[in-house]
file my_file.cif (mmCIF, C-alpha atoms and all ligand atoms)
data_model
#
loop_
_atom_site.label_atom_id
_atom_site.label_comp_id
_atom_site.auth_asym_id
_atom_site.auth_seq_id
_atom_site.Cartn_x
_atom_site.Cartn_y
_atom_site.Cartn_z
CA MET A 1 -46.30 17.77 41.23
CA VAL A 2 -42.75 16.83 41.62
CA ALA A 3 -41.21 16.24 45.01
CA SER A 4 -38.35 18.48 45.86
CA PRO A 5 -35.68 18.13 48.54
CA ILE A 6 -36.54 21.64 49.77
CA ASP A 7 -40.27 20.94 50.08
CA SER A 8 -41.55 22.25 53.31
CA PRO A 9 -43.53 19.83 55.43
CA THR A 10 -45.91 22.69 56.17
CA LEU A 11 -48.90 22.03 53.89
CA SER A 12 -50.48 25.39 54.38
CA GLN A 13 -47.66 27.17 52.62
CA PRO A 14 -47.36 27.15 48.83
CA PRO A 15 -44.25 25.33 47.68
CA ALA A 16 -41.21 27.41 46.88
CA PRO A 17 -40.08 27.51 43.22
CA VAL A 18 -37.75 24.59 42.49
CA ALA A 19 -35.19 23.67 39.94
CA PRO A 20 -36.34 21.09 37.37
CA PRO A 21 -35.32 17.52 38.30
CA VAL A 22 -33.70 16.76 34.93
CA TYR A 23 -30.87 19.11 34.25
CA PRO A 24 -30.65 20.10 30.57
CA VAL A 25 -27.48 18.64 29.07
CA ALA A 26 -25.50 20.16 26.25
CA ARG A 27 -26.29 18.46 22.92
CA SER A 28 -24.02 17.97 19.96
CA LYS A 29 -24.67 20.80 17.54
CA ILE A 30 -22.72 20.04 14.41
CA LYS A 31 -22.62 23.11 12.22
CA ARG A 32 -24.01 22.96 8.69
CA LEU A 33 -20.61 23.83 7.22
CA THR A 34 -18.89 21.12 9.30
CA GLU A 35 -21.38 18.58 7.98
CA LEU A 36 -20.75 19.69 4.38
CA LEU A 37 -16.98 19.47 4.91
CA LEU A 38 -17.36 15.96 6.31
CA VAL A 39 -19.57 14.68 3.47
CA ALA A 40 -17.46 16.33 0.77
CA GLY A 41 -14.18 15.08 2.25
CA ALA A 42 -15.52 11.52 2.42
CA ALA A 43 -17.14 11.80 -1.04
CA GLY A 44 -20.41 10.68 0.56
CA ARG A 45 -18.91 7.31 1.45
CA CYS A 46 -18.59 5.44 4.74
CA GLU A 47 -15.08 6.14 5.99
CA PHE A 48 -14.94 2.58 7.29
CA CYS A 49 -16.36 0.35 4.53
CA ASN A 50 -16.43 2.85 1.59
CA GLU A 51 -20.14 2.26 0.91
CA PHE A 52 -21.90 5.21 -0.78
CA LEU A 53 -24.39 6.52 1.78
CA TYR A 54 -26.83 8.61 -0.24
CA THR A 55 -28.47 5.87 -2.29
CA HIS A 56 -30.06 2.77 -0.77
CA PRO A 57 -27.84 -0.15 -1.76
CA ILE A 58 -30.78 -2.40 -2.69
CA THR A 59 -33.67 -0.23 -3.84
CA GLY A 60 -31.51 2.52 -5.36
CA GLU A 61 -33.70 5.18 -3.68
CA SER A 62 -32.05 8.47 -2.75
CA GLY A 63 -31.77 9.34 0.92
CA ASN A 64 -29.35 10.33 3.63
CA PHE A 65 -28.18 7.01 5.10
CA ALA A 66 -25.04 8.55 6.63
CA GLU A 67 -24.29 9.07 10.30
CA ASN A 68 -21.94 11.66 11.74
CA ALA A 69 -19.90 9.67 14.23
CA HIS A 70 -17.73 11.24 16.92
CA ILE A 71 -14.29 9.70 17.26
CA VAL A 72 -13.96 10.97 20.85
CA ALA A 73 -17.56 10.74 22.08
CA PHE A 74 -19.58 13.87 22.67
CA SER A 75 -20.14 12.74 26.27
CA THR A 76 -17.18 11.93 28.53
CA LEU A 77 -19.00 8.69 29.38
CA GLY A 78 -19.33 7.70 25.72
CA PRO A 79 -16.91 5.64 23.60
CA ARG A 80 -13.35 7.03 23.75
CA GLY A 81 -14.94 10.00 25.61
CA PHE A 82 -12.42 9.93 28.46
CA GLU A 83 -9.48 10.60 26.14
CA ASP A 84 -7.61 13.86 25.81
CA ARG A 85 -10.63 15.74 24.50
CA PRO A 86 -10.45 18.04 21.46
CA THR A 87 -11.24 21.70 22.18
CA ASP A 88 -14.18 21.54 19.79
CA ILE A 89 -15.75 18.09 20.08
CA ASP A 90 -17.90 18.80 16.98
CA ASP A 91 -14.97 19.86 14.81
CA VAL A 92 -14.75 18.00 11.50
CA SER A 93 -11.41 16.52 12.62
CA ASN A 94 -13.28 14.58 15.36
CA LEU A 95 -16.05 13.32 13.03
CA MET A 96 -16.32 10.39 10.68
CA LEU A 97 -18.98 9.81 8.05
CA LEU A 98 -20.16 6.25 8.70
CA CYS A 99 -22.88 3.81 7.79
CA ALA A 100 -25.13 2.80 10.73
CA ARG A 101 -23.58 -0.66 10.90
CA ASP A 102 -20.01 0.62 11.25
CA HIS A 103 -21.06 3.41 13.61
CA LYS A 104 -22.51 0.76 15.92
CA LEU A 105 -19.44 -1.44 15.52
CA ILE A 106 -16.91 1.23 16.53
CA ASP A 107 -19.03 2.51 19.43
CA ASP A 108 -19.78 -0.99 20.78
CA HIS A 109 -16.08 -1.87 20.82
CA PRO A 110 -14.09 1.26 21.66
CA GLU A 111 -11.28 -0.92 23.01
CA ARG A 112 -10.77 -2.41 19.52
CA TYR A 113 -11.56 0.71 17.53
CA THR A 114 -9.24 3.16 19.24
CA ARG A 115 -9.03 6.86 18.58
CA ALA A 116 -5.64 6.52 16.85
CA MET A 117 -6.97 3.79 14.57
CA LEU A 118 -10.11 5.71 13.62
CA GLU A 119 -8.17 8.90 12.97
CA GLN A 120 -5.82 6.99 10.68
CA ARG A 121 -8.76 5.38 8.86
CA LYS A 122 -10.35 8.81 8.31
CA ARG A 123 -7.05 10.30 7.14
CA GLU A 124 -6.44 7.48 4.65
CA HIS A 125 -9.98 7.56 3.25
CA GLU A 126 -9.94 11.33 2.76
CA ALA A 127 -6.44 11.29 1.24
CA ARG A 128 -7.49 8.59 -1.23
CA ILE A 129 -10.63 10.52 -2.24
CA LYS A 130 -8.54 13.64 -2.74
CA ARG A 131 -5.98 11.82 -4.86
CA VAL A 132 -8.51 10.06 -7.05
CA THR A 133 -10.75 13.06 -7.62
CA ALA A 134 -7.79 15.33 -8.43
CA ILE A 135 -7.33 13.50 -11.73
CA GLY A 136 -8.40 15.89 -14.48
CA PRO A 137 -8.94 15.23 -18.19
CA ALA A 138 -5.24 16.03 -18.84
CA MET A 139 -4.32 12.72 -17.18
CA GLN A 140 -6.14 10.60 -19.74
CA THR A 141 -4.15 8.24 -21.89
CA THR A 142 -4.88 6.00 -24.85
CA VAL A 143 -3.93 2.39 -24.14
CA VAL A 144 -2.67 -0.08 -26.72
CA THR A 145 -2.00 -3.76 -26.01
CA LEU A 146 -1.03 -6.81 -28.06
CA LYS A 147 -2.60 -10.25 -27.97
CA VAL A 148 -0.31 -12.99 -29.22
CA GLN A 149 0.29 -16.67 -28.98
CA ILE A 150 3.65 -17.56 -27.41
CA GLY A 151 4.21 -21.29 -27.46
CA SER A 152 0.87 -22.74 -26.43
CA ASP A 153 -0.15 -19.68 -24.34
CA ILE A 154 -2.29 -16.74 -25.42
CA VAL A 155 -0.75 -13.66 -23.85
CA HIS A 156 -2.86 -10.60 -23.20
CA VAL A 157 -2.90 -7.91 -20.56
CA ASN A 158 -5.33 -7.88 -17.67
CA ARG A 159 -7.44 -4.66 -17.49
CA ARG A 160 -7.10 -4.24 -13.72
CA GLU A 161 -3.32 -4.41 -13.98
CA ILE A 162 -3.37 -1.76 -16.71
CA PHE A 163 -5.41 0.51 -14.47
CA GLU A 164 -3.00 0.06 -11.56
CA ALA A 165 0.11 0.60 -13.66
CA LEU A 166 -1.22 3.79 -15.30
CA GLN A 167 -1.80 5.74 -12.09
CA PRO A 168 -2.00 8.71 -11.83
CA ARG A 169 -3.12 8.51 -15.45
CA TYR A 170 -6.28 6.69 -16.42
CA PRO A 171 -7.42 5.11 -19.68
CA ALA A 172 -9.64 7.23 -21.92
CA ASP A 173 -11.56 4.33 -23.38
CA ASN A 174 -11.31 0.61 -23.80
CA PRO A 175 -7.74 -0.35 -24.68
CA LEU A 176 -6.99 -0.97 -28.33
CA GLU A 177 -5.93 -4.61 -28.50
CA ILE A 178 -4.06 -5.67 -31.63
CA ASP A 179 -4.82 -9.35 -31.96
CA PHE A 180 -2.33 -11.63 -33.74
CA VAL A 181 -3.70 -14.93 -32.51
CA ASP A 182 -5.56 -15.89 -35.70
CA ILE A 183 -2.47 -15.48 -37.89
CA GLY A 184 -0.94 -18.52 -36.26
CA PRO A 185 2.20 -19.24 -34.31
CA GLU A 186 5.09 -16.83 -34.69
CA ARG A 187 7.47 -19.22 -36.42
CA SER A 188 5.15 -20.02 -39.32
CA GLY A 189 6.36 -18.69 -42.67
CA ALA A 190 3.99 -15.81 -43.35
CA PHE A 191 3.61 -14.69 -39.73
CA TYR A 192 5.68 -11.51 -39.91
CA GLU A 193 4.24 -10.44 -43.27
CA LEU A 194 0.71 -10.74 -41.92
CA ALA A 195 1.69 -9.22 -38.58
CA ALA A 196 3.27 -6.19 -40.31
CA GLU A 197 0.06 -5.62 -42.27
CA ARG A 198 -2.04 -5.89 -39.13
CA ILE A 199 0.20 -3.48 -37.23
CA GLN A 200 0.09 -0.97 -40.09
CA LYS A 201 -3.70 -1.07 -40.27
CA ASN A 202 -4.29 -0.76 -36.51
CA VAL A 203 -1.62 1.84 -35.88
CA ALA A 204 -2.91 4.01 -38.74
CA ARG A 205 -6.34 3.92 -37.07
CA LEU A 206 -4.74 4.85 -33.75
CA TYR A 207 -3.28 8.09 -35.14
CA ASP A 208 -6.36 8.98 -37.23
CA THR A 209 -7.38 12.64 -37.22
CA GLY A 210 -10.28 13.10 -34.83
CA GLY A 211 -9.45 9.85 -33.01
CA GLU A 212 -9.13 9.32 -29.29
CA LEU A 213 -5.35 9.70 -29.30
CA GLU A 214 -5.61 13.15 -30.84
CA ARG A 215 -7.78 14.15 -27.88
CA THR A 216 -5.67 12.56 -25.10
CA GLY A 217 -2.30 13.40 -26.67
CA HIS A 218 -0.74 10.50 -24.75
CA LEU A 219 -0.19 6.83 -25.51
CA SER A 220 0.52 3.95 -23.06
CA VAL A 221 1.97 0.73 -24.45
CA PHE A 222 1.50 -2.68 -22.77
CA ALA A 223 3.15 -5.24 -25.00
CA LEU A 224 4.45 -8.76 -24.50
CA ALA A 225 5.31 -10.65 -27.70
CA PRO A 226 8.24 -12.19 -29.60
CA ILE A 227 11.10 -9.65 -29.72
CA PRO A 228 11.10 -9.04 -33.53
CA LEU A 229 7.34 -8.37 -33.47
CA LEU A 230 7.80 -5.86 -30.65
CA MET A 231 10.48 -4.00 -32.62
CA LEU A 232 8.25 -3.92 -35.70
CA PHE A 233 5.39 -2.62 -33.58
CA GLY A 234 7.56 0.00 -31.85
CA HIS A 235 8.77 1.30 -35.17
CA ALA A 236 5.20 1.67 -36.47
CA LEU A 237 4.35 3.98 -33.52
CA SER A 238 4.82 7.71 -33.96
CA ASN A 239 7.40 9.42 -31.77
CA LYS A 240 5.49 12.69 -32.27
CA VAL A 241 3.03 11.60 -29.54
CA SER A 242 4.17 11.40 -25.92
CA THR A 243 4.35 7.65 -25.17
CA ASP A 244 4.87 5.59 -22.00
CA PHE A 245 6.09 1.99 -22.13
CA PHE A 246 5.29 -0.65 -19.53
CA GLN A 247 6.86 -3.93 -18.58
CA CYS A 248 5.41 -7.13 -17.15
CA HIS A 249 7.45 -7.81 -13.99
CA ARG A 250 7.52 -11.52 -13.27
CA THR A 251 9.03 -10.74 -9.87
CA ARG A 252 5.77 -9.11 -8.76
CA SER A 253 2.99 -11.40 -7.54
CA ASP A 254 0.32 -8.77 -8.17
CA ASN A 255 0.06 -5.60 -10.30
CA ARG A 256 2.77 -7.04 -12.51
CA TRP A 257 2.73 -4.11 -14.97
CA THR A 258 3.47 -1.46 -12.32
CA TRP A 259 7.01 -0.07 -12.50
CA TYR A 260 9.20 -0.37 -9.42
CA GLU A 261 10.43 2.91 -7.95
CA GLY A 262 13.13 4.32 -5.74
CA ASP A 263 16.26 2.32 -6.62
CA THR A 264 19.38 3.73 -8.25
CA PRO A 265 18.80 3.36 -12.01
CA VAL A 266 20.86 0.82 -13.94
CA ARG A 267 23.60 2.48 -16.03
CA PHE A 268 24.48 1.30 -19.50
CA SER A 269 27.77 1.40 -21.38
CA ALA A 270 28.71 0.65 -24.97
CA ARG A 271 31.87 -0.93 -26.34
CA GLN A 272 33.28 -2.32 -29.55
CA LEU A 273 33.50 -6.11 -29.23
CA ARG A 274 35.59 -6.52 -32.34
CA GLN A 275 36.81 -4.61 -35.39
CA GLY A 276 35.74 -6.03 -38.76
CA THR A 277 37.37 -5.77 -42.18
CA ALA A 278 34.44 -4.31 -44.18
CA PRO A 279 33.30 -0.78 -43.25
CA HIS A 280 29.64 -1.46 -44.08
CA CYS A 281 29.29 -4.71 -42.17
CA VAL A 282 28.18 -3.77 -38.66
CA GLY A 283 26.37 -5.65 -35.90
CA LEU A 284 24.97 -4.47 -32.59
CA VAL A 285 24.55 -6.79 -29.60
CA LEU A 286 22.12 -5.78 -26.85
CA SER A 287 23.02 -7.60 -23.62
CA VAL A 288 20.25 -6.53 -21.24
CA SER A 289 18.32 -9.63 -20.22
CA GLY A 290 21.20 -12.03 -20.76
CA PRO A 291 24.96 -12.04 -21.47
CA PHE A 292 26.25 -12.36 -25.03
CA ALA A 293 27.89 -15.56 -26.25
CA ALA A 294 29.94 -15.21 -29.46
CA GLU A 295 29.00 -18.76 -30.53
CA SER A 296 25.30 -17.74 -30.74
CA LEU A 297 26.05 -15.56 -33.82
CA PRO A 298 25.17 -17.04 -37.23
CA SER A 299 28.13 -18.03 -39.40
CA SER A 300 27.26 -15.23 -41.89
CA ILE A 301 28.44 -12.69 -39.30
CA ASP A 302 32.10 -13.40 -40.03
CA GLU A 303 35.38 -11.48 -39.71
CA ARG A 304 34.09 -8.73 -42.03
CA TYR A 305 31.75 -7.55 -39.27
CA THR A 306 32.49 -4.92 -36.64
CA LEU A 307 30.47 -5.66 -33.51
CA TYR A 308 29.27 -3.23 -30.87
CA GLU A 309 27.58 -4.05 -27.59
CA ILE A 310 25.37 -2.24 -25.09
CA TYR A 311 25.59 -3.76 -21.61
CA PRO A 312 24.74 -2.79 -18.02
CA ARG A 313 27.59 -1.30 -16.02
CA ASP A 314 28.65 -3.04 -12.75
CA ILE A 315 26.01 -5.77 -13.01
CA VAL A 316 25.54 -8.99 -14.95
CA PRO A 317 22.68 -8.88 -17.50
CA HIS A 318 19.64 -10.82 -16.31
CA ARG A 319 15.95 -11.20 -17.02
CA SER A 320 14.70 -8.78 -14.35
CA LEU A 321 17.30 -6.06 -14.94
CA ILE A 322 14.80 -3.44 -16.16
CA ARG A 323 12.55 -2.72 -13.17
CA GLN A 324 12.05 1.03 -13.23
CA ARG A 325 11.09 3.59 -15.86
CA ASP A 326 14.51 5.18 -15.28
CA ASP A 327 16.26 1.90 -16.17
CA LEU A 328 14.44 1.89 -19.51
CA GLU A 329 15.22 5.58 -20.10
CA ALA A 330 18.92 4.96 -19.33
CA PHE A 331 18.99 2.20 -21.94
CA ARG A 332 17.21 4.35 -24.54
CA ALA A 333 19.64 7.23 -24.08
CA ARG A 334 22.63 4.90 -24.55
CA TYR A 335 21.01 3.21 -27.58
CA ARG A 336 20.25 6.48 -29.38
CA ALA A 337 23.73 7.81 -28.69
CA LEU A 338 25.35 4.61 -29.97
CA LEU A 339 23.29 4.65 -33.18
CA ALA A 340 24.66 8.12 -33.88
CA GLU A 341 28.23 7.08 -32.96
CA ILE A 342 28.05 4.01 -35.24
CA GLN A 343 26.95 6.17 -38.15
CA GLN A 344 29.83 8.53 -37.48
CA ASP A 345 32.29 5.63 -37.53
CA HIS A 346 30.66 4.02 -40.57
CA PRO A 347 29.46 6.86 -42.83
CA GLY A 348 26.73 5.83 -45.27
CA LEU A 349 25.87 2.67 -43.31
CA ARG A 350 22.62 1.25 -44.78
CA GLU A 351 22.02 -1.82 -42.64
CA LEU A 352 22.72 -2.70 -39.03
CA HIS A 353 22.42 -6.30 -37.82
CA LEU A 354 20.79 -6.40 -34.40
CA PHE A 355 21.27 -9.24 -31.89
CA PRO A 356 18.95 -8.52 -28.97
CA ALA A 357 18.73 -10.11 -25.52
CA VAL A 358 16.22 -7.63 -24.16
CA PRO A 359 12.93 -7.46 -22.25
CA ALA A 360 9.76 -6.43 -24.07
CA PRO A 361 9.69 -2.65 -23.52
CA VAL A 362 13.34 -2.36 -24.58
CA ALA A 363 12.45 -4.17 -27.83
CA VAL A 364 9.53 -1.79 -28.46
CA THR A 365 11.69 1.29 -27.87
CA CYS A 366 14.47 -0.07 -30.13
CA GLY A 367 11.97 0.24 -33.00
CA PHE A 368 10.34 3.38 -31.65
CA ASP A 369 13.60 5.33 -31.28
CA LEU A 370 14.81 4.66 -34.83
CA LEU A 371 14.71 7.77 -36.97
CA PRO A 372 12.92 6.86 -40.22
CA LYS A 373 15.21 7.20 -43.25
CA VAL A 374 18.03 8.64 -41.08
CA ASP A 375 19.02 5.60 -39.04
CA PRO A 376 20.05 2.44 -40.90
CA THR A 377 17.65 -0.39 -41.63
CA LEU A 378 17.70 -2.83 -38.70
CA ILE A 379 18.07 -6.49 -39.58
CA ILE A 380 16.61 -8.14 -36.53
CA TYR A 381 17.63 -11.55 -35.25
CA ASP A 382 15.93 -13.68 -32.64
CA ASN A 383 17.87 -15.91 -30.28
CA LEU A 384 16.27 -19.34 -30.54
CA ALA A 385 17.45 -22.11 -28.25
CA THR A 386 16.00 -24.65 -30.71
CA GLU A 387 18.19 -23.26 -33.51
CA GLY A 388 21.28 -22.97 -31.33
CA GLY A 389 21.53 -19.19 -31.60
CA PHE A 390 20.47 -16.09 -33.53
CA VAL A 391 18.26 -16.45 -36.60
CA GLN A 392 17.42 -13.57 -38.92
CA ARG A 393 13.75 -12.65 -38.58
CA LEU A 394 12.83 -9.34 -40.25
CA LYS A 395 13.89 -5.84 -41.25
CA VAL A 396 12.56 -2.55 -39.96
CA ASN A 397 13.11 1.02 -41.12
CA LEU A 398 13.38 0.13 -44.80
CA HIS A 399 14.69 2.97 -46.92
CA GLU A 400 13.06 2.30 -50.29
ZN ZN B 1 -19.65 1.39 6.56
#

call {"tool": "encode", "arguments": {"input": "my_file.cif", "output": "C-alpha cells", "more": "lines below"}}
Ligand SMILES: [Zn+2]
result
Amino acid sequence: MVASPIDSPTLSQPPAPVAPPVYPVARSKIKRLTELLLVAGAAGRCEFCNEFLYTHPITGESGNFAENAHIVAFSTLGPRGFEDRPTDIDDVSNLMLLCARDHKLIDDHPERYTRAMLEQRKREHEARIKRVTAIGPAMQTTVVTLKVQIGSDIVHVNRREIFEALQPRYPADNPLEIDFVDIGPERSGAFYELAAERIQKNVARLYDTGGELERTGHLSVFALAPIPLLMLFGHALSNKVSTDFFQCHRTRSDNRWTWYEGDTPVRFSARQLRQGTAPHCVGLVLSVSGPFAAESLPSSIDERYTLYEIYPRDIVPHRSLIRQRDDLEAFRARYRALLAEIQQDHPGLRELHLFPAVPAPVAVTCGFDLLPKVDPTLIIYDNLATEGGFVQRLKVNLHE
C-alpha cells in the first residue's frame, strides 16, 4: 500500500481512493509518416556524420541503427528544451536522423550543438541529398581525356577533379583516356604522325554505333597537351554531338578543372594587323594567353601575308584569362565569325596560317569549330622559346 497525504489516521476506516503517486507524463509519439519523411529526406544517413544507418558498418547486417533525435528536446528540461518551442515538438522539422554516437554528442553538449547549428546541419544534409538524387540518366556524359608527356612530366587528369567539374552531370563510365606517352616526346620527328593515327582510331571508337556516347548523347573533354596536338584532337571530334570543354585552372588549389562562375565574361575583338600583297597569303594570330610579338613570326611570313588577330577587349592577354565557360564561348563566337569574314575578304582561300597563344580548351575548340571542307586548311604553328618563336607543326582540315 502506498502512503497518501490524505490518509486518515483512523485505522478503522478504509482508505479513500487516491491519485497514483507517479503522474503519467506525455511521451513522444512520432507518427509513422513523420518517421518515413525523416528517413527519406536524410537518405537513411546520419545527418551529422553521413553514415548509412540501416546496415551495420562492420558486419554488413541489415538493421535499424538510426535514432530520431529532437533538436528542441521533447521535455522542457531536456537539451535545448527551454527554447522557443515548436508547436508540434514531433514535427519532422524538429527531428534529425542520427547515429547513436552523434545523438549522444549533441544531447550531452547542448551549449556547443545549438538549435541554430543543428537546424542548419539538417538543412544542408537534406538539400545535398535532394540535389544528388535529382540527377537522372539525362545528366550522364561520356568523358574523354588525354595522357601526354610534356617535358619530363606525364600529364593526366585526376578522376575526382573530373567528377567535381562535371556537376550536375556525371560520367557514364570510366573516362576514355587517349594515351600518347609511349609515342615519345612531342618534338620527336614522327610524333604528330603517330598521334594523328592514335586520335583517329580512338575517336572513331568513341562515335561507334551502339557505343556509350550514342546512349549519353553528350561528351565532356578534359585535355591538356601541346597546342598543335589539342587542335588536331579537337578537329577529330564531331560537332554533331553536344560537347563541353574544360580547363585546368592553375589559380585553383583544389578542383582545378571546375569552371569559375559569376564574373562578367571576357569580350573578344578582331582586327587586321597588316595588309599583305598576295590575296591568298593569310595568317591569324590568337592573342589569348599572351600578347603577340611580331618578331616571333617565322621569316617565311613576309610582306605577302595579311595578318589578322583575335584579342581580348579592355584587358591584356594573360595565362589565366579564360576562367569561365562564358569566356570560352565568347572566344569561339569571335573565332567562327572571323573565319567567315576572312573567307569573304579572301575568296577561295585554301590555307590559313595560325599563330596561337591560347590555353588548352581554346586550342581544342579551334580544331572543333572548323567546318570540314568549308573552312581553309589550318597550318598550325607552335611558339617555342627554344626556337625563338613560331615553328610550323602540322596541318588540320586537309581538303584532299
Ligand atoms: Zn553520425

call {"tool": "closest_atom_pairs", "arguments": {"input": "my_file.cif", "of": "chain A", "to": "ligand ZN 1 (chain B)", "cutoff": "7 Å", "atoms": "all atoms listed in the file", "output": "Markdown table"}}
result
| residue | atom | partner | partner_atom | distance |
| --- | --- | --- | --- | --- |
| A:Cys46 | CA | B:ZN1 | ZN | 4.6 |
| A:Glu47 | CA | B:ZN1 | ZN | 6.6 |
| A:Phe48 | CA | B:ZN1 | ZN | 4.9 |
| A:Cys49 | CA | B:ZN1 | ZN | 4.0 |
| A:Asn50 | CA | B:ZN1 | ZN | 6.1 |
| A:Glu51 | CA | B:ZN1 | ZN | 5.7 |
| A:Leu98 | CA | B:ZN1 | ZN | 5.3 |
| A:Cys99 | CA | B:ZN1 | ZN | 4.2 |
| A:Arg101 | CA | B:ZN1 | ZN | 6.2 |
| A:Asp102 | CA | B:ZN1 | ZN | 4.8 |

call {"tool": "residues_around", "arguments": {"input": "my_file.cif", "residues": "Ile379 (chain A)", "least_positions_apart": "4", "cutoff": "9 Å", "atoms": "only C-alpha atoms", "output": "PyMOL selection string"}}
result
chain A and resi 351-355+392-396

call {"tool": "atom_distance", "arguments": {"input": "my_file.cif", "atom1": "CA of Gly60 (chain A)", "atom2": "CA of Val132 (chain A)"}}
result
24.3 Å

call {"tool": "closest_residue", "arguments": {"input": "my_file.cif", "among": "A:Glu329, A:Asp375, A:Glu177, A:Glu119", "to": "Ile199 (chain A)", "atoms": "all atoms listed in the file"}}
result
A:Glu177

call {"tool": "residues_around", "arguments": {"input": "my_file.cif", "residues": "Asp91 (chain A)", "least_positions_apart": "4", "cutoff": "9 Å", "atoms": "only C-alpha atoms", "output": "VMD selection string"}}
result
chain A and resid 30 to 31 34 86 to 87 95

call {"tool": "closest_residue", "arguments": {"input": "my_file.cif", "among": "A:Gly136, A:Gly234, A:Gly276, A:Pro291", "to": "Thr216 (chain A)", "atoms": "only C-alpha atoms"}}
result
A:Gly136

call {"tool": "closest_residue", "arguments": {"input": "my_file.cif", "among": "A:Ile227, A:Leu213, A:Ala294, A:Ile322", "to": "Thr264 (chain A)", "atoms": "all atoms listed in the file"}}
result
A:Ile322

call {"tool": "closest_residue", "arguments": {"input": "my_file.cif", "among": "A:Arg160, A:Arg80, A:Arg323, A:Arg215", "to": "Gly262 (chain A)", "atoms": "all atoms listed in the file"}}
result
A:Arg323
